$ cat upload.pdb   # PDB, C-alpha atoms, pLDDT in the B column
ATOM      1  CA  MET A   1       0.000   0.000   0.000  1.00 51.00           C
ATOM      2  CA  TYR A   2       2.962   2.329   0.491  1.00 54.00           C
ATOM      3  CA  ALA A   3       4.892   3.723  -2.484  1.00 56.00           C
ATOM      4  CA  VAL A   4       8.579   3.715  -1.502  1.00 53.00           C
ATOM      5  CA  ASN A   5       9.989   5.702  -4.422  1.00 56.00           C
ATOM      6  CA  ARG A   6       7.327   8.395  -4.581  1.00 55.00           C
ATOM      7  CA  SER A   7       4.722  10.030  -2.423  1.00 55.00           C
ATOM      8  CA  ASP A   8       1.122  10.604  -3.392  1.00 79.00           C
ATOM      9  CA  ARG A   9      -2.034  11.765  -1.708  1.00 84.00           C
ATOM     10  CA  LEU A  10      -3.142   8.303  -0.645  1.00 88.00           C
ATOM     11  CA  ASP A  11       0.168   7.561   1.080  1.00 88.00           C
ATOM     12  CA  GLU A  12       0.003  10.900   2.861  1.00 90.00           C
ATOM     13  CA  ALA A  13      -3.597  10.288   3.963  1.00 91.00           C
ATOM     14  CA  LEU A  14      -2.662   6.909   5.457  1.00 90.00           C
ATOM     15  CA  GLU A  15       0.173   8.561   7.362  1.00 90.00           C
ATOM     16  CA  LEU A  16      -2.173  11.224   8.726  1.00 91.00           C
ATOM     17  CA  ALA A  17      -4.761   8.638   9.755  1.00 92.00           C
ATOM     18  CA  SER A  18      -2.116   6.594  11.595  1.00 91.00           C
ATOM     19  CA  GLN A  19      -2.493   9.028  14.508  1.00 89.00           C
ATOM     20  CA  LEU A  20      -5.691   7.149  15.358  1.00 89.00           C
ATOM     21  CA  ASN A  21      -3.526   4.218  16.475  1.00 84.00           C
ATOM     22  CA  SER A  22      -0.840   5.980  18.474  1.00 81.00           C
ATOM     23  CA  GLY A  23      -1.500   9.688  18.865  1.00 78.00           C
ATOM     24  CA  THR A  24      -3.205  11.781  21.484  1.00 89.00           C
ATOM     25  CA  GLU A  25      -6.910  12.528  21.099  1.00 92.00           C
ATOM     26  CA  ALA A  26      -6.189  15.987  19.687  1.00 92.00           C
ATOM     27  CA  SER A  27      -3.677  14.717  17.126  1.00 92.00           C
ATOM     28  CA  ALA A  28      -5.916  11.753  16.293  1.00 93.00           C
ATOM     29  CA  VAL A  29      -8.952  13.870  15.479  1.00 94.00           C
ATOM     30  CA  SER A  30      -6.834  16.344  13.512  1.00 94.00           C
ATOM     31  CA  GLY A  31      -5.029  13.649  11.547  1.00 94.00           C
ATOM     32  CA  ALA A  32      -8.207  11.683  10.900  1.00 95.00           C
ATOM     33  CA  TRP A  33     -10.045  14.640   9.442  1.00 95.00           C
ATOM     34  CA  ALA A  34      -6.993  15.757   7.469  1.00 95.00           C
ATOM     35  CA  ALA A  35      -6.858  12.290   5.881  1.00 95.00           C
ATOM     36  CA  ILE A  36     -10.535  12.484   4.886  1.00 96.00           C
ATOM     37  CA  GLU A  37     -10.286  16.006   3.526  1.00 94.00           C
ATOM     38  CA  SER A  38      -7.087  15.373   1.586  1.00 93.00           C
ATOM     39  CA  LEU A  39      -8.736  12.527  -0.322  1.00 94.00           C
ATOM     40  CA  LEU A  40     -12.307  13.708  -0.778  1.00 95.00           C
ATOM     41  CA  PHE A  41     -12.280  17.502  -1.043  1.00 92.00           C
ATOM     42  CA  HIS A  42     -11.934  19.351  -4.344  1.00 87.00           C
ATOM     43  CA  PRO A  43     -12.411  23.132  -4.246  1.00 82.00           C
ATOM     44  CA  GLY A  44     -13.624  23.267  -7.844  1.00 81.00           C
ATOM     45  CA  ASP A  45     -16.651  21.059  -7.184  1.00 79.00           C
ATOM     46  CA  LYS A  46     -20.043  22.733  -6.909  1.00 78.00           C
ATOM     47  CA  ALA A  47     -20.896  20.621  -3.861  1.00 76.00           C
ATOM     48  CA  ASP A  48     -17.725  21.854  -2.149  1.00 78.00           C
ATOM     49  CA  VAL A  49     -18.757  25.465  -2.718  1.00 73.00           C
ATOM     50  CA  GLU A  50     -22.215  24.865  -1.252  1.00 72.00           C
ATOM     51  CA  GLU A  51     -21.331  22.545   1.638  1.00 76.00           C
ATOM     52  CA  GLY A  52     -17.765  23.570   2.378  1.00 79.00           C
ATOM     53  CA  ARG A  53     -15.221  21.027   3.506  1.00 87.00           C
ATOM     54  CA  ALA A  54     -17.886  19.050   5.376  1.00 90.00           C
ATOM     55  CA  VAL A  55     -18.833  17.548   1.998  1.00 92.00           C
ATOM     56  CA  SER A  56     -15.829  15.243   2.509  1.00 94.00           C
ATOM     57  CA  ALA A  57     -17.734  13.620   5.396  1.00 95.00           C
ATOM     58  CA  ASP A  58     -20.736  12.965   3.182  1.00 95.00           C
ATOM     59  CA  ARG A  59     -18.609  11.439   0.443  1.00 95.00           C
ATOM     60  CA  LEU A  60     -16.847   9.047   2.791  1.00 97.00           C
ATOM     61  CA  ALA A  61     -20.212   8.113   4.322  1.00 97.00           C
ATOM     62  CA  GLY A  62     -21.486   7.201   0.857  1.00 97.00           C
ATOM     63  CA  ILE A  63     -18.481   4.976   0.141  1.00 97.00           C
ATOM     64  CA  ILE A  64     -18.890   3.097   3.429  1.00 97.00           C
ATOM     65  CA  ALA A  65     -22.655   2.743   3.013  1.00 97.00           C
ATOM     66  CA  CYS A  66     -22.081   1.128  -0.389  1.00 96.00           C
ATOM     67  CA  SER A  67     -19.438  -1.266   0.933  1.00 95.00           C
ATOM     68  CA  TRP A  68     -21.412  -2.238   4.058  1.00 96.00           C
ATOM     69  CA  PRO A  69     -23.779  -4.815   2.474  1.00 96.00           C
ATOM     70  CA  GLN A  70     -20.958  -6.702   0.778  1.00 95.00           C
ATOM     71  CA  ALA A  71     -18.964  -6.772   4.030  1.00 94.00           C
ATOM     72  CA  GLU A  72     -21.939  -8.099   6.015  1.00 96.00           C
ATOM     73  CA  LEU A  73     -22.956 -10.666   3.407  1.00 96.00           C
ATOM     74  CA  THR A  74     -19.386 -11.918   3.003  1.00 95.00           C
ATOM     75  CA  THR A  75     -19.083 -12.419   6.763  1.00 95.00           C
ATOM     76  CA  LEU A  76     -22.407 -14.258   6.881  1.00 96.00           C
ATOM     77  CA  GLY A  77     -21.191 -16.545   4.110  1.00 95.00           C
ATOM     78  CA  TYR A  78     -18.213 -17.598   6.213  1.00 95.00           C
ATOM     79  CA  LYS A  79     -20.285 -17.882   9.403  1.00 95.00           C
ATOM     80  CA  HIS A  80     -22.848 -20.247   7.868  1.00 96.00           C
ATOM     81  CA  LYS A  81     -21.778 -23.609   9.336  1.00 93.00           C
ATOM     82  CA  PRO A  82     -24.582 -26.247   9.296  1.00 93.00           C
ATOM     83  CA  LEU A  83     -23.974 -29.564  11.053  1.00 92.00           C
ATOM     84  CA  GLN A  84     -24.432 -31.290   7.721  1.00 93.00           C
ATOM     85  CA  PRO A  85     -23.510 -29.630   4.401  1.00 91.00           C
ATOM     86  CA  ASP A  86     -26.582 -28.086   2.805  1.00 93.00           C
ATOM     87  CA  GLN A  87     -27.238 -26.518  -0.576  1.00 94.00           C
ATOM     88  CA  ILE A  88     -26.073 -23.099   0.582  1.00 95.00           C
ATOM     89  CA  SER A  89     -22.778 -24.336   2.008  1.00 94.00           C
ATOM     90  CA  LYS A  90     -22.117 -26.362  -1.141  1.00 94.00           C
ATOM     91  CA  ARG A  91     -22.689 -23.316  -3.323  1.00 95.00           C
ATOM     92  CA  LEU A  92     -20.525 -21.163  -1.067  1.00 95.00           C
ATOM     93  CA  LYS A  93     -17.698 -23.670  -1.279  1.00 93.00           C
ATOM     94  CA  SER A  94     -17.646 -23.359  -5.069  1.00 94.00           C
ATOM     95  CA  CYS A  95     -17.535 -19.543  -5.045  1.00 94.00           C
ATOM     96  CA  ARG A  96     -14.332 -17.947  -6.303  1.00 93.00           C
ATOM     97  CA  THR A  97     -14.942 -14.306  -5.314  1.00 92.00           C
ATOM     98  CA  SER A  98     -16.522 -12.470  -2.409  1.00 91.00           C
ATOM     99  CA  VAL A  99     -19.179 -11.055  -4.732  1.00 93.00           C
ATOM    100  CA  GLU A 100     -20.262 -14.578  -5.654  1.00 94.00           C
ATOM    101  CA  ARG A 101     -20.466 -15.490  -1.954  1.00 95.00           C
ATOM    102  CA  CYS A 102     -22.552 -12.392  -1.302  1.00 96.00           C
ATOM    103  CA  GLU A 103     -24.980 -13.282  -4.058  1.00 96.00           C
ATOM    104  CA  VAL A 104     -25.475 -16.794  -2.675  1.00 96.00           C
ATOM    105  CA  VAL A 105     -26.191 -15.446   0.813  1.00 97.00           C
ATOM    106  CA  ALA A 106     -28.438 -12.693  -0.543  1.00 96.00           C
ATOM    107  CA  GLU A 107     -30.512 -15.205  -2.515  1.00 96.00           C
ATOM    108  CA  ALA A 108     -30.931 -17.321   0.613  1.00 96.00           C
ATOM    109  CA  LEU A 109     -32.045 -14.353   2.692  1.00 96.00           C
ATOM    110  CA  VAL A 110     -34.541 -13.181   0.074  1.00 95.00           C
ATOM    111  CA  ALA A 111     -35.960 -16.705  -0.196  1.00 95.00           C
ATOM    112  CA  GLY A 112     -36.323 -16.919   3.590  1.00 94.00           C
ATOM    113  CA  THR A 113     -33.903 -19.831   3.857  1.00 93.00           C
ATOM    114  CA  PRO A 114     -32.476 -19.948   7.409  1.00 92.00           C
ATOM    115  CA  LEU A 115     -28.719 -19.708   7.851  1.00 95.00           C
ATOM    116  CA  ALA A 116     -26.838 -21.774  10.432  1.00 95.00           C
ATOM    117  CA  LEU A 117     -25.237 -18.894  12.346  1.00 95.00           C
ATOM    118  CA  PRO A 118     -23.222 -19.279  15.573  1.00 92.00           C
ATOM    119  CA  SER A 119     -24.177 -16.127  17.494  1.00 94.00           C
ATOM    120  CA  TYR A 120     -26.968 -13.626  18.085  1.00 95.00           C
ATOM    121  CA  ASN A 121     -24.766 -10.922  16.536  1.00 95.00           C
ATOM    122  CA  ASP A 122     -24.684 -12.887  13.290  1.00 96.00           C
ATOM    123  CA  ILE A 123     -28.441 -13.451  13.409  1.00 96.00           C
ATOM    124  CA  ALA A 124     -28.930  -9.702  13.865  1.00 96.00           C
ATOM    125  CA  ALA A 125     -26.650  -9.063  10.886  1.00 96.00           C
ATOM    126  CA  ALA A 126     -28.742 -11.425   8.777  1.00 97.00           C
ATOM    127  CA  GLU A 127     -31.901  -9.552   9.755  1.00 96.00           C
ATOM    128  CA  ARG A 128     -30.271  -6.241   8.823  1.00 96.00           C
ATOM    129  CA  MET A 129     -29.390  -7.629   5.424  1.00 97.00           C
ATOM    130  CA  ARG A 130     -32.926  -8.947   4.903  1.00 96.00           C
ATOM    131  CA  ALA A 131     -34.198  -5.425   5.534  1.00 96.00           C
ATOM    132  CA  VAL A 132     -31.675  -3.979   3.064  1.00 97.00           C
ATOM    133  CA  LEU A 133     -32.578  -6.517   0.388  1.00 96.00           C
ATOM    134  CA  ARG A 134     -36.309  -5.785   0.847  1.00 95.00           C
ATOM    135  CA  ALA A 135     -35.910  -1.996   0.603  1.00 95.00           C
ATOM    136  CA  PRO A 136     -32.330  -1.208  -0.463  1.00 96.00           C
ATOM    137  CA  HIS A 137     -32.694   2.471  -1.268  1.00 96.00           C
ATOM    138  CA  GLY A 138     -34.404   3.503   1.960  1.00 96.00           C
ATOM    139  CA  GLN A 139     -32.229   1.354   4.208  1.00 96.00           C
ATOM    140  CA  LEU A 140     -28.945   2.437   2.644  1.00 97.00           C
ATOM    141  CA  MET A 141     -29.912   6.100   2.703  1.00 97.00           C
ATOM    142  CA  ASP A 142     -30.678   5.767   6.429  1.00 97.00           C
ATOM    143  CA  VAL A 143     -27.306   4.117   7.019  1.00 97.00           C
ATOM    144  CA  ARG A 144     -25.512   6.799   5.035  1.00 97.00           C
ATOM    145  CA  HIS A 145     -27.270   9.476   7.098  1.00 97.00           C
ATOM    146  CA  VAL A 146     -25.959   7.889  10.301  1.00 97.00           C
ATOM    147  CA  PHE A 147     -22.410   7.720   8.892  1.00 97.00           C
ATOM    148  CA  GLN A 148     -22.663  11.352   7.786  1.00 96.00           C
ATOM    149  CA  GLY A 149     -23.491  12.337  11.345  1.00 96.00           C
ATOM    150  CA  VAL A 150     -20.464  10.451  12.660  1.00 97.00           C
ATOM    151  CA  PHE A 151     -18.014  12.162  10.291  1.00 96.00           C
ATOM    152  CA  ARG A 152     -19.555  15.610  10.594  1.00 95.00           C
ATOM    153  CA  ARG A 153     -19.223  15.279  14.369  1.00 95.00           C
ATOM    154  CA  LEU A 154     -15.563  14.404  13.842  1.00 95.00           C
ATOM    155  CA  TYR A 155     -15.227  17.532  11.693  1.00 94.00           C
ATOM    156  CA  ARG A 156     -16.735  19.711  14.436  1.00 94.00           C
ATOM    157  CA  GLN A 157     -14.363  18.243  17.024  1.00 94.00           C
ATOM    158  CA  ARG A 158     -11.428  18.881  14.705  1.00 94.00           C
ATOM    159  CA  ASN A 159     -12.498  22.519  14.390  1.00 92.00           C
ATOM    160  CA  ILE A 160     -12.717  22.840  18.177  1.00 92.00           C
ATOM    161  CA  VAL A 161      -9.164  21.514  18.469  1.00 92.00           C
ATOM    162  CA  MET A 162      -7.592  23.381  15.548  1.00 90.00           C
ATOM    163  CA  HIS A 163      -9.516  26.664  15.622  1.00 89.00           C
ATOM    164  CA  GLY A 164     -10.639  26.811  19.248  1.00 88.00           C
ATOM    165  CA  GLY A 165      -7.388  25.541  20.739  1.00 85.00           C
ATOM    166  CA  SER A 166      -9.250  23.177  23.076  1.00 84.00           C
ATOM    167  CA  THR A 167      -8.059  19.615  23.603  1.00 83.00           C
ATOM    168  CA  ALA A 168     -10.521  18.714  26.361  1.00 81.00           C
ATOM    169  CA  ALA A 169     -13.898  18.896  24.634  1.00 85.00           C
ATOM    170  CA  ILE A 170     -16.375  16.502  26.245  1.00 87.00           C
ATOM    171  CA  ALA A 171     -17.405  14.993  22.891  1.00 88.00           C
ATOM    172  CA  LEU A 172     -13.861  14.420  21.625  1.00 91.00           C
ATOM    173  CA  ASP A 173     -13.461  10.873  22.953  1.00 91.00           C
ATOM    174  CA  PRO A 174     -16.882   9.541  21.817  1.00 92.00           C
ATOM    175  CA  ALA A 175     -16.411  11.172  18.394  1.00 93.00           C
ATOM    176  CA  LEU A 176     -13.141   9.295  17.946  1.00 93.00           C
ATOM    177  CA  ARG A 177     -14.565   5.993  19.224  1.00 93.00           C
ATOM    178  CA  THR A 178     -17.362   6.016  16.661  1.00 95.00           C
ATOM    179  CA  ALA A 179     -15.412   7.487  13.754  1.00 95.00           C
ATOM    180  CA  ALA A 180     -12.195   5.440  13.954  1.00 94.00           C
ATOM    181  CA  PRO A 181     -13.547   2.037  12.804  1.00 94.00           C
ATOM    182  CA  LEU A 182     -15.636   3.668  10.084  1.00 96.00           C
ATOM    183  CA  LEU A 183     -12.655   5.652   8.835  1.00 96.00           C
ATOM    184  CA  GLY A 184     -10.669   2.413   8.716  1.00 94.00           C
ATOM    185  CA  ALA A 185     -13.400   0.792   6.635  1.00 95.00           C
ATOM    186  CA  GLY A 186     -13.534   3.786   4.305  1.00 96.00           C
ATOM    187  CA  LEU A 187      -9.771   3.923   3.797  1.00 95.00           C
ATOM    188  CA  ASP A 188      -9.801   0.193   3.119  1.00 94.00           C
ATOM    189  CA  ARG A 189     -12.250   0.741   0.258  1.00 95.00           C
ATOM    190  CA  VAL A 190     -10.300   3.726  -1.069  1.00 95.00           C
ATOM    191  CA  VAL A 191      -7.029   1.755  -1.040  1.00 93.00           C
ATOM    192  CA  HIS A 192      -8.713  -1.243  -2.664  1.00 92.00           C
ATOM    193  CA  GLY A 193     -10.178   0.950  -5.394  1.00 92.00           C
ATOM    194  CA  ARG A 194      -6.797   2.480  -6.157  1.00 90.00           C
ATOM    195  CA  LEU A 195      -4.732  -0.712  -6.067  1.00 88.00           C
ATOM    196  CA  SER A 196      -7.129  -3.104  -7.758  1.00 88.00           C
ATOM    197  CA  ARG A 197      -8.780  -0.848 -10.331  1.00 89.00           C
ATOM    198  CA  GLY A 198      -6.896   2.430 -10.446  1.00 90.00           C
ATOM    199  CA  ILE A 199      -9.894   4.458  -9.212  1.00 93.00           C
ATOM    200  CA  ASP A 200      -9.147   7.758  -7.478  1.00 93.00           C
ATOM    201  CA  PRO A 201     -10.993   8.555  -4.207  1.00 94.00           C
ATOM    202  CA  LEU A 202     -13.194  11.272  -5.688  1.00 94.00           C
ATOM    203  CA  GLU A 203     -14.189   9.002  -8.566  1.00 95.00           C
ATOM    204  CA  LEU A 204     -15.006   6.249  -6.071  1.00 96.00           C
ATOM    205  CA  ALA A 205     -17.158   8.699  -4.105  1.00 96.00           C
ATOM    206  CA  ALA A 206     -18.978   9.684  -7.302  1.00 95.00           C
ATOM    207  CA  ARG A 207     -19.636   6.024  -8.117  1.00 95.00           C
ATOM    208  CA  ALA A 208     -20.960   5.474  -4.608  1.00 96.00           C
ATOM    209  CA  GLU A 209     -23.294   8.464  -4.886  1.00 95.00           C
ATOM    210  CA  ASN A 210     -24.599   7.252  -8.226  1.00 95.00           C
ATOM    211  CA  SER A 211     -25.129   3.720  -6.931  1.00 96.00           C
ATOM    212  CA  LEU A 212     -27.046   4.960  -3.886  1.00 96.00           C
ATOM    213  CA  ALA A 213     -29.297   7.015  -6.123  1.00 95.00           C
ATOM    214  CA  LEU A 214     -30.041   4.079  -8.432  1.00 95.00           C
ATOM    215  CA  VAL A 215     -30.141   1.100  -6.056  1.00 95.00           C
ATOM    216  CA  GLY A 216     -33.595  -0.448  -5.972  1.00 91.00           C
ATOM    217  CA  ASP A 217     -34.266   0.633  -9.559  1.00 90.00           C
ATOM    218  CA  PRO A 218     -34.629  -2.325 -11.965  1.00 87.00           C
ATOM    219  CA  LEU A 219     -31.794  -0.851 -14.040  1.00 84.00           C
ATOM    220  CA  GLY A 220     -29.678   0.090 -11.024  1.00 91.00           C
ATOM    221  CA  PRO A 221     -26.870  -1.886  -9.381  1.00 93.00           C
ATOM    222  CA  ALA A 222     -27.496  -4.926  -7.219  1.00 92.00           C
ATOM    223  CA  VAL A 223     -26.888  -4.508  -3.493  1.00 94.00           C
ATOM    224  CA  THR A 224     -23.877  -6.815  -3.749  1.00 92.00           C
ATOM    225  CA  ARG A 225     -22.261  -4.705  -6.500  1.00 91.00           C
ATOM    226  CA  LEU A 226     -22.737  -1.122  -5.378  1.00 93.00           C
ATOM    227  CA  LEU A 227     -19.121  -0.010  -5.846  1.00 86.00           C
ATOM    228  CA  GLU A 228     -18.495  -1.765  -9.160  1.00 78.00           C
TER     229      GLU A 228
END

$ encode --input "upload.pdb" --output "structure tokens"
Amino acid sequence: MYAVNRSDRLDEALELASQLNSGTEASAVSGAWAAIESLLFHPGDKADVEEGRAVSADRLAGIIACSWPQAELTTLGYKHKPLQPDQISKRLKSCRTSVERCEVVAEALVAGTPLALPSYNDIAAAERMRAVLRAPHGQLMDVRHVFQGVFRRLYRQRNIVMHGGSTAAIALDPALRTAAPLLGAGLDRVVHGRLSRGIDPLELAARAENSLALVGDPLGPAVTRLLE
């Protein structure tokens, strides 16, 4: 993931975000937001003019919302462990890609076929995915709205630190706790898009926005292929 002989924006963003692992709360929130903004803000964009730099939060939220169903469905595919091999497990065993695994699990959920899951957390995840598959547009827009709130809260805390000079804001710790794992998921998708397909972060955000607008439409993308 790191380019030794040259530096680019993605490398620099990963370095900034590394403060989430080892830095103080003030440096973590500053580095985290700097990583987001460096990848997903473009001053020439109309949305940037209207929303300001907070539009970066919305773009990252869209990327994560699009990647969430595939992550959940992939995990469910690996968690399905019946005592005796069934049709689903046989089909999963023959899958070559995560997208194929997702499609097998999604078909089972839509058909109402029970999965052999080991924990209540996994059962809850299956129910979430059933809801998404029944009404993908509404469910994913709700999820994106929640993620937007998380990253916009991070942005406000960054402003308190950088512009207000305060490192003891009461909401600083909870903002970092909720934003850190989501930022990791978002950077994972951004890195994957760059390394596997040569897609820049802003292009990936545009694809995510388009997919969210079209999901649920007969001509739109399937839930398992939102970022393709």

$ closest_atom_pairs --input "upload.pdb" --of "region 149-191 of chain A" --to "region 28-45 of chain A" --cutoff "7 Å" --atoms "only C-alpha atoms" --output "tab-separated table"
residue	atom	partner	partner_atom	distance
A:Leu154	CA	A:Val29	CA	6.8
A:Tyr155	CA	A:Trp33	CA	6.3
A:Arg158	CA	A:Ser30	CA	5.4
A:Leu176	CA	A:Val29	CA	6.7

$ residues_around --input "upload.pdb" --residues "Val161 (chain A)" --least-positions-apart "6" --cutoff "9 Å" --atoms "all atoms listed in the file" --output "PyMOL selection string"
chain A and resi 26-27+29-30+167-169

$ closest_residue --input "upload.pdb" --among "A:Val190, A:Leu172, A:Ala106, A:Leu92" --to "Thr224 (chain A)" --atoms "all atoms listed in the file"
A:Ala106

$ atom_distance --input "upload.pdb" --atom1 "CA of Gln139 (chain A)" --atom2 "CA of Pro114 (chain A)"
21.5 Å

$ resolve_selection --input "upload.pdb" --expression "the PyMOL selection byres ((chain A and resi 118) around 8)" --output "list in words"
Lys79, His80, Lys81, Ala116, Leu117, Ser119, Tyr120 and Asp122 of chain A

$ write_last_selection --input "upload.pdb" --atoms "C-alpha atoms" --output "PDB file, in the coordinates of the input"
ATOM      1  CA  LYS A  79     -20.285 -17.882   9.403  1.00 95.00           C
ATOM      2  CA  HIS A  80     -22.848 -20.247   7.868  1.00 96.00           C
ATOM      3  CA  LYS A  81     -21.778 -23.609   9.336  1.00 93.00           C
ATOM      4  CA  ALA A 116     -26.838 -21.774  10.432  1.00 95.00           C
ATOM      5  CA  LEU A 117     -25.237 -18.894  12.346  1.00 95.00           C
ATOM      6  CA  SER A 119     -24.177 -16.127  17.494  1.00 94.00           C
ATOM      7  CA  TYR A 120     -26.968 -13.626  18.085  1.00 95.00           C
ATOM      8  CA  ASP A 122     -24.684 -12.887  13.290  1.00 96.00           C
TER       9      ASP A 122
END

$ residues_around --input "upload.pdb" --residues "Arg101 (chain A)" --least-positions-apart "3" --cutoff "8 Å" --atoms "only C-alpha atoms" --output "VMD selection string"
chain A and resid 73 to 74 77 92 95 to 98 104 to 105

$ atom_distance --input "upload.pdb" --atom1 "CA of Gln148 (chain A)" --atom2 "CA of Asp58 (chain A)"
5.2 Å

$ resolve_selection --input "upload.pdb" --expression "the PyMOL selection byres ((chain A and resi 194-202) around 12)" --output "JSON, numbers by chain"
{"A": [1, 2, 3, 8, 9, 10, 11, 13, 35, 36, 37, 38, 39, 40, 41, 42, 43, 45, 55, 56, 58, 59, 60, 62, 63, 186, 187, 188, 189, 190, 191, 192, 193, 203, 204, 205, 206, 207, 208, 209, 227, 228]}

$ atom_distance --input "upload.pdb" --atom1 "CA of Ala65 (chain A)" --atom2 "CA of Ala124 (chain A)"
17.7 Å

$ closest_residue --input "upload.pdb" --among "A:Cys102, A:Ile88, A:Val143, A:Leu20" --to "Arg128 (chain A)" --atoms "only C-alpha atoms"
A:Val143

$ closest_residue --input "upload.pdb" --among "A:Pro69, A:Gly165, A:Pro82, A:Pro174" --to "Val223 (chain A)" --atoms "all atoms listed in the file"
A:Pro69

$ closest_residue --input "upload.pdb" --among "A:Asn21, A:Ile123, A:Lys93, A:Gly216" --to "Arg177 (chain A)" --atoms "only C-alpha atoms"
A:Asn21

$ closest_residue --input "upload.pdb" --among "A:Glu72, A:Gly220, A:Glu127, A:Gln157" --to "Ile170 (chain A)" --atoms "all atoms listed in the file"
A:Gln157

$ closest_residue --input "upload.pdb" --among "A:Glu25, A:Glu12, A:Asp217, A:Glu50" --to "Pro136 (chain A)" --atoms "all atoms listed in the file"
A:Asp217

$ axis_aligned_box --input "upload.pdb" --around "region 137-149 of chain A" --padding-each-side "5 Å" --output "lines of an AutoDock Vina configuration file"
center_x = -28.4
center_y = 6.8
center_z = 5.0
size_x = 22.0
size_y = 21.0
size_z = 22.6

$ build_atoms --input "upload.pdb" --residues "region 41-54 of chain A" --atoms "N, CA, C and O atoms" --output "mmCIF file, keeping the file's coordinate frame"
data_model
loop_
_atom_site.group_PDB
_atom_site.id
_atom_site.type_symbol
_atom_site.label_atom_id
_atom_site.label_comp_id
_atom_site.auth_asym_id
_atom_site.auth_seq_id
_atom_site.Cartn_x
_atom_site.Cartn_y
_atom_site.Cartn_z
ATOM 1 N N PHE A 41 -11.888 16.103 -0.850
ATOM 2 C CA PHE A 41 -12.280 17.502 -1.043
ATOM 3 C C PHE A 41 -11.630 18.041 -2.300
ATOM 4 O O PHE A 41 -10.436 17.850 -2.534
ATOM 5 N N HIS A 42 -12.442 18.714 -3.131
ATOM 6 C CA HIS A 42 -11.934 19.351 -4.344
ATOM 7 C C HIS A 42 -12.592 20.723 -4.450
ATOM 8 O O HIS A 42 -13.806 20.825 -4.623
ATOM 9 N N PRO A 43 -11.814 21.787 -4.322
ATOM 10 C CA PRO A 43 -12.411 23.132 -4.246
ATOM 11 C C PRO A 43 -13.156 23.570 -5.498
ATOM 12 O O PRO A 43 -13.928 24.527 -5.450
ATOM 13 N N GLY A 44 -12.931 22.885 -6.624
ATOM 14 C CA GLY A 44 -13.624 23.267 -7.844
ATOM 15 C C GLY A 44 -14.993 22.641 -8.007
ATOM 16 O O GLY A 44 -15.721 22.962 -8.943
ATOM 17 N N ASP A 45 -15.374 21.768 -7.091
ATOM 18 C CA ASP A 45 -16.651 21.059 -7.184
ATOM 19 C C ASP A 45 -17.778 21.941 -6.657
ATOM 20 O O ASP A 45 -17.647 22.605 -5.629
ATOM 21 N N LYS A 46 -18.897 21.932 -7.340
ATOM 22 C CA LYS A 46 -20.043 22.733 -6.909
ATOM 23 C C LYS A 46 -20.488 22.361 -5.509
ATOM 24 O O LYS A 46 -20.833 23.227 -4.698
ATOM 25 N N ALA A 47 -20.479 21.059 -5.193
ATOM 26 C CA ALA A 47 -20.896 20.621 -3.861
ATOM 27 C C ALA A 47 -19.962 21.173 -2.795
ATOM 28 O O ALA A 47 -20.397 21.506 -1.687
ATOM 29 N N ASP A 48 -18.671 21.311 -3.114
ATOM 30 C CA ASP A 48 -17.725 21.854 -2.149
ATOM 31 C C ASP A 48 -18.030 23.317 -1.860
ATOM 32 O O ASP A 48 -17.879 23.791 -0.731
ATOM 33 N N VAL A 49 -18.432 24.053 -2.886
ATOM 34 C CA VAL A 49 -18.757 25.465 -2.718
ATOM 35 C C VAL A 49 -19.978 25.622 -1.816
ATOM 36 O O VAL A 49 -20.037 26.494 -0.953
ATOM 37 N N GLU A 50 -20.969 24.760 -2.005
ATOM 38 C CA GLU A 50 -22.215 24.865 -1.252
ATOM 39 C C GLU A 50 -22.094 24.334 0.172
ATOM 40 O O GLU A 50 -22.622 24.916 1.113
ATOM 41 N N GLU A 51 -21.402 23.214 0.343
ATOM 42 C CA GLU A 51 -21.331 22.545 1.638
ATOM 43 C C GLU A 51 -20.043 22.830 2.398
ATOM 44 O O GLU A 51 -19.961 22.539 3.584
ATOM 45 N N GLY A 52 -19.051 23.391 1.730
ATOM 46 C CA GLY A 52 -17.765 23.570 2.378
ATOM 47 C C GLY A 52 -17.034 22.248 2.515
ATOM 48 O O GLY A 52 -17.371 21.253 1.869
ATOM 49 N N ARG A 53 -16.056 22.225 3.378
ATOM 50 C CA ARG A 53 -15.221 21.027 3.506
ATOM 51 C C ARG A 53 -15.960 19.861 4.158
ATOM 52 O O ARG A 53 -15.498 18.725 4.086
ATOM 53 N N ALA A 54 -17.097 20.131 4.777
ATOM 54 C CA ALA A 54 -17.886 19.050 5.376
ATOM 55 C C ALA A 54 -18.412 18.082 4.332
ATOM 56 O O ALA A 54 -18.818 16.966 4.672
#
